[in-house]
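Q: Below is the file protein.tsv, with TSV, C-alpha atoms.
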```
chain	number	residue	atom	x	y	z
A	12	MET	CA	-20.75	112.31	7.48
A	13	GLY	CA	-17.89	109.95	8.29
A	14	LYS	CA	-17.12	108.71	11.79
A	15	THR	CA	-13.36	109.33	11.58
A	16	LEU	CA	-12.11	112.55	13.13
A	17	THR	CA	-8.96	114.07	11.60
A	18	ILE	CA	-6.61	116.26	13.60
A	19	LEU	CA	-4.29	118.54	11.66
A	20	ASN	CA	-1.44	118.93	14.09
A	21	PHE	CA	0.29	122.27	13.57
A	22	ASP	CA	1.04	123.23	17.17
A	23	GLY	CA	0.42	120.24	19.46
A	24	GLY	CA	-2.46	122.00	21.20
A	25	TYR	CA	-4.87	119.06	21.08
A	26	GLN	CA	-2.49	116.91	23.12
A	27	ASN	CA	-3.84	118.79	26.16
A	28	GLN	CA	-7.41	117.66	25.38
A	29	ASP	CA	-9.23	114.33	25.31
A	30	PHE	CA	-12.51	115.00	23.47
A	31	TYR	CA	-11.38	112.77	20.61
A	32	CYS	CA	-10.16	109.79	22.63
A	33	GLN	CA	-13.26	107.63	22.23
A	34	ASN	CA	-13.34	108.03	18.44
A	35	GLN	CA	-11.44	106.88	15.39
A	36	VAL	CA	-8.78	109.55	14.98
A	37	LYS	CA	-6.36	110.25	12.13
A	38	TRP	CA	-3.47	112.58	12.97
A	39	ILE	CA	-1.69	114.47	10.16
A	40	ASP	CA	1.43	116.16	11.46
A	41	PHE	CA	2.65	119.55	10.20
A	42	ARG	CA	4.83	120.55	13.13
A	43	ASP	CA	8.02	120.19	11.08
A	44	LEU	CA	6.93	122.84	8.56
A	45	SER	CA	8.17	126.44	8.67
A	46	GLY	CA	6.39	129.44	7.20
A	47	VAL	CA	2.94	128.31	8.34
A	48	ARG	CA	1.94	130.34	11.40
A	49	GLY	CA	-0.61	133.00	10.43
A	50	TYR	CA	0.38	132.76	6.78
A	51	CYS	CA	1.50	130.01	4.42
A	52	GLU	CA	4.57	130.26	2.24
A	53	GLU	CA	4.45	128.54	-1.17
A	54	THR	CA	6.90	125.77	-0.26
A	55	ALA	CA	4.79	124.95	2.81
A	56	ALA	CA	1.61	125.05	0.70
A	57	GLU	CA	3.06	122.46	-1.67
A	58	GLU	CA	3.91	120.16	1.22
A	59	ILE	CA	0.48	120.60	2.84
A	60	ARG	CA	-1.25	119.65	-0.42
A	61	LYS	CA	1.01	116.60	-0.71
A	62	ARG	CA	0.22	115.39	2.82
A	63	ILE	CA	-3.56	115.67	2.48
A	64	LYS	CA	-3.88	114.61	-1.15
A	65	GLU	CA	-4.82	110.98	-0.49
A	66	GLU	CA	-6.66	111.60	2.79
A	67	ASP	CA	-10.44	111.34	3.04
A	68	ILE	CA	-11.05	114.26	5.41
A	69	LYS	CA	-14.67	114.83	6.41
A	70	VAL	CA	-14.42	116.28	9.93
A	71	CYS	CA	-11.18	117.86	11.09
A	72	TYR	CA	-9.81	120.04	13.85
A	73	ILE	CA	-7.15	122.51	12.72
A	74	GLY	CA	-5.90	124.07	15.97
A	75	SER	CA	-5.35	127.79	16.40
A	76	GLY	CA	-7.14	130.32	14.22
A	77	ASN	CA	-3.68	131.21	12.93
A	78	TYR	CA	-4.03	128.14	10.69
A	79	HIS	CA	-7.57	128.78	9.47
A	80	TYR	CA	-6.20	129.24	5.96
A	81	MET	CA	-5.98	125.42	5.95
A	82	THR	CA	-9.64	125.45	4.91
A	83	PHE	CA	-8.53	126.81	1.53
A	84	PHE	CA	-6.60	123.59	0.87
A	85	LEU	CA	-9.40	121.36	2.16
A	86	LEU	CA	-11.87	123.05	-0.19
A	87	GLU	CA	-9.60	122.32	-3.14
A	88	LYS	CA	-10.48	118.66	-2.66
A	89	ILE	CA	-14.19	119.30	-3.42
A	90	LYS	CA	-14.98	118.80	-7.10
A	91	GLN	CA	-18.63	119.84	-7.25
A	92	PRO	CA	-20.54	123.11	-6.79
A	93	PHE	CA	-20.91	123.94	-3.08
A	94	SER	CA	-21.70	126.58	-0.47
A	95	LEU	CA	-19.16	127.60	2.16
A	96	VAL	CA	-20.88	128.29	5.49
A	97	LEU	CA	-18.44	130.01	7.83
A	98	PHE	CA	-18.96	130.70	11.54
A	99	ASP	CA	-16.43	133.42	12.34
A	100	HIS	CA	-16.23	136.72	14.17
A	101	HIS	CA	-14.13	138.07	11.27
A	102	THR	CA	-14.62	138.02	7.50
A	103	ASP	CA	-11.16	136.56	6.71
A	104	MET	CA	-11.42	138.56	3.47
A	105	LYS	CA	-8.69	141.15	3.97
A	106	PRO	CA	-6.43	141.95	1.01
A	107	SER	CA	-3.28	139.83	1.04
A	108	LEU	CA	-0.18	141.56	2.42
A	109	PHE	CA	1.63	140.15	-0.58
A	110	GLU	CA	-0.13	139.05	-3.77
A	111	ASP	CA	0.86	135.38	-3.51
A	112	LEU	CA	0.82	134.96	0.28
A	113	LEU	CA	-2.11	133.03	1.72
A	114	SER	CA	-2.97	133.92	5.32
A	115	CYS	CA	-5.56	133.39	8.02
A	116	GLY	CA	-6.88	136.88	7.25
A	117	CYS	CA	-7.40	136.53	3.50
A	118	TRP	CA	-8.21	132.86	2.83
A	119	VAL	CA	-11.95	133.43	2.13
A	120	LYS	CA	-11.01	136.04	-0.48
A	121	TRP	CA	-8.69	133.44	-2.04
A	122	VAL	CA	-11.50	130.88	-2.09
A	123	LEU	CA	-13.77	133.30	-3.94
A	124	GLU	CA	-11.06	134.17	-6.45
A	125	LYS	CA	-9.47	130.78	-7.06
A	126	ASN	CA	-11.99	128.03	-6.33
A	127	LEU	CA	-14.27	127.46	-9.32
A	128	PHE	CA	-16.68	125.26	-7.38
A	129	VAL	CA	-17.65	127.63	-4.56
A	130	LYS	CA	-20.92	129.30	-5.56
A	131	GLU	CA	-21.76	131.23	-2.39
A	132	VAL	CA	-20.26	132.08	0.98
A	133	VAL	CA	-22.44	132.53	4.05
A	134	LEU	CA	-20.69	134.29	6.95
A	135	ILE	CA	-22.31	133.89	10.35
A	136	GLY	CA	-21.46	135.95	13.43
A	137	VAL	CA	-19.22	138.57	11.84
A	138	ALA	CA	-18.77	141.65	14.02
A	139	ASP	CA	-20.99	144.47	12.78
A	140	SER	CA	-17.95	146.71	12.36
A	141	PHE	CA	-16.78	144.53	9.45
A	142	LEU	CA	-20.02	144.75	7.45
A	143	ASN	CA	-18.77	147.48	5.13
A	144	THR	CA	-15.41	145.89	4.42
A	145	ILE	CA	-16.57	143.36	1.79
A	146	GLU	CA	-15.35	144.37	-1.66
A	147	GLU	CA	-18.18	145.15	-4.04
A	148	LYS	CA	-17.11	142.52	-6.58
A	149	TYR	CA	-17.85	139.76	-4.04
A	150	GLN	CA	-21.13	141.04	-2.65
A	151	ASP	CA	-23.38	139.04	-4.98
A	152	ARG	CA	-21.75	135.80	-3.74
A	153	VAL	CA	-21.45	136.61	-0.04
A	154	PHE	CA	-24.25	136.73	2.53
A	155	ILE	CA	-23.49	137.99	6.04
A	156	LEU	CA	-25.56	137.30	9.13
A	157	GLU	CA	-23.90	139.78	11.47
A	158	GLU	CA	-23.51	139.31	15.20
A	159	SER	CA	-26.25	141.81	16.12
A	160	LYS	CA	-28.85	139.55	14.44
A	161	PHE	CA	-28.35	136.80	17.04
A	162	GLY	CA	-31.38	136.45	19.26
A	163	LYS	CA	-33.77	137.97	16.75
A	164	GLU	CA	-36.72	135.89	15.62
A	165	GLU	CA	-36.11	133.29	12.92
A	166	TRP	CA	-32.48	134.30	12.28
A	167	GLN	CA	-31.43	130.68	11.79
A	168	LYS	CA	-34.08	130.17	9.10
A	169	GLU	CA	-32.86	133.30	7.33
A	170	ILE	CA	-29.52	131.52	6.91
A	171	GLN	CA	-31.21	128.35	5.68
A	172	SER	CA	-32.95	130.33	2.94
A	173	GLN	CA	-29.62	131.64	1.60
A	174	ILE	CA	-28.10	128.23	0.84
A	175	HIS	CA	-28.66	126.56	-2.52
A	176	TYR	CA	-25.87	123.96	-2.79
A	177	PRO	CA	-24.29	121.17	-0.73
A	178	VAL	CA	-22.47	122.68	2.25
A	179	TYR	CA	-18.99	122.77	3.67
A	180	PHE	CA	-18.91	124.14	7.24
A	181	SER	CA	-15.92	125.97	8.69
A	182	ILE	CA	-16.12	126.96	12.36
A	183	ASP	CA	-13.77	129.40	14.06
A	184	LYS	CA	-14.55	129.26	17.75
A	185	ASP	CA	-13.90	133.00	18.13
A	186	VAL	CA	-17.53	133.36	17.01
A	187	PHE	CA	-18.66	131.97	20.40
A	188	ARG	CA	-19.12	133.78	23.68
A	189	LYS	CA	-16.30	133.67	26.22
A	190	GLU	CA	-18.42	131.74	28.71
A	191	GLU	CA	-18.20	128.68	26.44
A	192	VAL	CA	-14.88	129.02	24.59
A	193	SER	CA	-11.45	130.61	25.04
A	194	THR	CA	-9.51	131.81	21.99
A	195	ASP	CA	-6.56	134.08	21.13
A	196	TRP	CA	-8.78	136.53	19.22
A	197	ASP	CA	-11.57	138.95	20.06
A	198	GLN	CA	-14.74	136.92	20.44
A	199	GLY	CA	-18.39	137.11	19.49
A	200	SER	CA	-21.55	136.14	21.37
A	201	LEU	CA	-22.92	133.02	19.64
A	202	ARG	CA	-23.95	130.09	21.85
A	203	LEU	CA	-23.03	126.53	20.94
A	204	ASP	CA	-26.66	125.43	21.00
A	205	GLU	CA	-27.54	128.23	18.53
A	206	MET	CA	-24.91	126.95	16.11
A	207	GLU	CA	-26.31	123.44	16.48
A	208	LYS	CA	-29.76	124.66	15.44
A	209	VAL	CA	-28.28	126.26	12.30
A	210	TYR	CA	-26.47	123.01	11.49
A	211	GLU	CA	-29.64	120.93	11.92
A	212	LEU	CA	-31.72	123.28	9.76
A	213	ILE	CA	-29.19	123.27	6.93
A	214	LYS	CA	-28.80	119.51	7.14
A	215	GLU	CA	-32.54	119.18	6.47
A	216	THR	CA	-32.17	120.68	3.00
A	217	GLN	CA	-28.55	120.17	1.84
A	218	PRO	CA	-25.90	117.42	2.04
A	219	ILE	CA	-22.91	118.17	4.27
A	220	LEU	CA	-19.64	117.73	2.39
A	221	GLY	CA	-17.21	118.41	5.23
A	222	ILE	CA	-16.53	120.36	8.40
A	223	ASP	CA	-13.47	121.92	10.00
A	224	ILE	CA	-13.04	123.54	13.39
A	225	CYS	CA	-10.33	125.91	14.64
A	226	GLY	CA	-9.92	128.54	17.34
A	227	GLU	CA	-7.73	126.94	20.00
A	228	CYS	CA	-5.48	129.04	22.22
A	229	GLU	CA	-1.83	128.65	21.23
A	230	GLU	CA	-0.69	129.57	24.73
A	231	TRP	CA	-2.97	128.22	27.43
A	232	THR	CA	-3.09	130.22	30.64
A	233	SER	CA	-5.02	127.78	32.83
A	234	ALA	CA	-6.36	124.25	33.10
A	235	GLU	CA	-9.83	125.81	33.21
A	236	GLU	CA	-9.38	127.29	29.71
A	237	ILE	CA	-8.17	123.96	28.36
A	238	GLU	CA	-11.18	122.13	29.78
A	239	LYS	CA	-13.57	124.81	28.52
A	240	ASN	CA	-12.36	124.28	24.95
A	241	ASN	CA	-12.25	120.52	25.44
A	242	ARG	CA	-15.96	120.57	26.36
A	243	ALA	CA	-16.78	122.79	23.37
A	244	ASN	CA	-14.88	120.53	20.98
A	245	ARG	CA	-16.66	117.48	22.37
A	246	LYS	CA	-20.05	119.17	22.00
A	247	ILE	CA	-19.31	120.08	18.38
A	248	TRP	CA	-18.18	116.52	17.63
A	249	ASP	CA	-21.28	115.07	19.31
A	250	MET	CA	-23.44	117.41	17.22
A	251	LEU	CA	-21.97	115.93	14.06
```
Represent the supplied structure as structure tokens.
A:
Amino acid sequence: MGKTLTILNFDGGYQNQDFYCQNQVKWIDFRDLSGVRGYCEETAAEEIRKRIKEEDIKVCYIGSGNYHYMTFFLLEKIKQPFSLVLFDHHTDMKPSLFEDLLSCGCWVKWVLEKNLFVKEVVLIGVADSFLNTIEEKYQDRVFILEESKFGKEEWQKEIQSQIHYPVYFSIDKDVFRKEEVSTDWDQGSLRLDEMEKVYELIKETQPILGIDICGECEEWTSAEEIEKNNRANRKIWDML
């Protein structure tokens, strides 16, 4: 995994943090784009693809979960069979509101439908209430380790056994417990050290192709929240 950290700057949120300051950092600015918050209009999608086309992005921070659809564009850059391993409290597989409108709620569905190289999707930490919302046509390519499995014996190794290709990790920090992270969405109960164990186990058996992280608050309410996320982001970076 490369040593350069890329920040995809949609909302300026990382300017309140300093976890990246001791590293090589590449900033790619998207703040001038319209039609990108929560969903991505086609004209914005074309410009996003243009701005990342020549970039070698291995580890990147995306900002708010409202821009998690950015993973769809990052995965387009992979030209070999791979597994998507997603830490998220939601499936991000809702039907699109409009057929051609990519959003933070449907981007995984788009990956399964449009990306010829993704062979399997492993969802970790999804709320149990979403277990029955996966469309049947995707079920043979999607494995879910629901939130209620956390803490049970050998749950990390169960994930390891489900992965058969090089891995791209996508991490939405709403999967983590509130004691360690603050987000704009309802949150799960995963601990950062539990995620690190999953990462280390998978790394033993498969190459890591890339990683992205999102889940910042768009509107911070306190310096304490900012520092909580700053610590979490630093811990994730140190893990890598």
Q: Please report as a Markdown table every residue of stretch 167-251 of chain A lying within 10 Å of stretch 88-100 of chain A, along with the nearest atom pair and their distance in Å (one decimal), using only C-alpha atoms.
A:
```
| residue | atom | partner | partner_atom | distance |
| --- | --- | --- | --- | --- |
| A:Ile170 | CA | A:Val96 | CA | 9.3 |
| A:Gln173 | CA | A:Ser94 | CA | 9.6 |
| A:Ile174 | CA | A:Ser94 | CA | 6.7 |
| A:His175 | CA | A:Ser94 | CA | 7.3 |
| A:Tyr176 | CA | A:Phe93 | CA | 5.0 |
| A:Pro177 | CA | A:Phe93 | CA | 5.0 |
| A:Val178 | CA | A:Ser94 | CA | 4.8 |
| A:Tyr179 | CA | A:Leu95 | CA | 5.1 |
| A:Phe180 | CA | A:Val96 | CA | 4.9 |
| A:Ser181 | CA | A:Leu97 | CA | 4.8 |
| A:Ile182 | CA | A:Phe98 | CA | 4.8 |
| A:Asp183 | CA | A:Asp99 | CA | 5.1 |
| A:Lys184 | CA | A:Asp99 | CA | 7.1 |
| A:Asp185 | CA | A:His100 | CA | 5.9 |
| A:Val186 | CA | A:His100 | CA | 4.6 |
| A:Phe187 | CA | A:His100 | CA | 8.2 |
| A:Trp196 | CA | A:His100 | CA | 9.0 |
| A:Asp197 | CA | A:His100 | CA | 7.8 |
| A:Gln198 | CA | A:His100 | CA | 6.4 |
| A:Gly199 | CA | A:His100 | CA | 5.8 |
| A:Ser200 | CA | A:His100 | CA | 9.0 |
| A:Leu201 | CA | A:Phe98 | CA | 9.3 |
| A:Met206 | CA | A:Phe98 | CA | 8.4 |
| A:Tyr210 | CA | A:Val96 | CA | 9.8 |
| A:Ile213 | CA | A:Val96 | CA | 9.8 |
| A:Gln217 | CA | A:Ser94 | CA | 9.7 |
| A:Pro218 | CA | A:Phe93 | CA | 9.7 |
| A:Ile219 | CA | A:Phe93 | CA | 9.6 |
| A:Leu220 | CA | A:Ile89 | CA | 8.1 |
| A:Gly221 | CA | A:Ile89 | CA | 9.2 |
| A:Ile222 | CA | A:Val96 | CA | 9.5 |
| A:Asp223 | CA | A:Leu97 | CA | 9.7 |
| A:Ile224 | CA | A:Phe98 | CA | 9.5 |
| A:Cys225 | CA | A:Asp99 | CA | 9.9 |
| A:Gly226 | CA | A:Asp99 | CA | 9.5 |
```
Q: Of the candidates A:Glu110, A:Gly136, A:Glu53, A:Met250, which one gets nearest to A:Lys214 if we count only C-alpha atoms?
A: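 Result for the nearest residue to A:Lys214: A:Met250.
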Q: Find the residue from A:Glu236, A:Glu158, A:Glu230, A:Glu207 that sits nearest to A:Ser193; use all atoms listed in the file when measuring.
A: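 Result for the nearest residue to A:Ser193: A:Glu236.
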Q: So, with only C-alpha atoms as the atoms that count, which of A:Ala55, A:Ile237, A:Met104, A:Ile73 lies closest to A:Asp22?
A: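 Of A:Ala55, A:Ile237, A:Met104, A:Ile73, the one nearest A:Asp22, counting only C-alpha atoms, is A:Ile73.
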Q: Can you pull out the residues contacting stretch 32-43 of chain A? Cut-off 10 Å, using only C-alpha atoms, and skip same-chain residues under 5 positions away; I want them as a PyMOL selection string.
A: chain A and resi 14-23+55+58-59+62-63+66+68+71-72+248
Q: Output C-alpha atoms for every residue in the selection just made, as a PDB file, in the frame of the given file.
A:
```pdb
ATOM      1  CA  LYS A  14     -17.120 108.710  11.790  1.00  0.00           C
ATOM      2  CA  THR A  15     -13.360 109.330  11.580  1.00  0.00           C
ATOM      3  CA  LEU A  16     -12.110 112.550  13.130  1.00  0.00           C
ATOM      4  CA  THR A  17      -8.960 114.070  11.600  1.00  0.00           C
ATOM      5  CA  ILE A  18      -6.610 116.260  13.600  1.00  0.00           C
ATOM      6  CA  LEU A  19      -4.290 118.540  11.660  1.00  0.00           C
ATOM      7  CA  ASN A  20      -1.440 118.930  14.090  1.00  0.00           C
ATOM      8  CA  PHE A  21       0.290 122.270  13.570  1.00  0.00           C
ATOM      9  CA  ASP A  22       1.040 123.230  17.170  1.00  0.00           C
ATOM     10  CA  GLY A  23       0.420 120.240  19.460  1.00  0.00           C
ATOM     11  CA  ALA A  55       4.790 124.950   2.810  1.00  0.00           C
ATOM     12  CA  GLU A  58       3.910 120.160   1.220  1.00  0.00           C
ATOM     13  CA  ILE A  59       0.480 120.600   2.840  1.00  0.00           C
ATOM     14  CA  ARG A  62       0.220 115.390   2.820  1.00  0.00           C
ATOM     15  CA  ILE A  63      -3.560 115.670   2.480  1.00  0.00           C
ATOM     16  CA  GLU A  66      -6.660 111.600   2.790  1.00  0.00           C
ATOM     17  CA  ILE A  68     -11.050 114.260   5.410  1.00  0.00           C
ATOM     18  CA  CYS A  71     -11.180 117.860  11.090  1.00  0.00           C
ATOM     19  CA  TYR A  72      -9.810 120.040  13.850  1.00  0.00           C
ATOM     20  CA  TRP A 248     -18.180 116.520  17.630  1.00  0.00           C
TER      21      TRP A 248
END
```
Q: Could you put an axis-aligned box around every listed atom of stretch 63-66 of chain A, padded by 5 Å on each side, and send me its centre and edge lengths in Å to one decimal, as JSON?
A:
```
{"center_x": -5.1, "center_y": 113.3, "center_z": 0.8, "size_x": 13.1, "size_y": 14.7, "size_z": 13.9}
```
Q: To one decimal place, how far is atom CA of A:Leu86 from atom CA of A:Gly46 in Å?
A: 20.7 Å
Q: Quick one: pull the distance between atom CA of A:Tyr31 and atom CA of A:Asn241, Å, one decimal.
A: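 Atom CA of A:Tyr31 sits 9.2 Å away from atom CA of A:Asn241.
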Q: Using Å and a single decimal, report how far atom CA of A:Lys168 sits from atom CA of A:Met81.
A: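 One can read the atom CA of A:Met81 to atom CA of A:Lys168 distance as 28.7 Å.
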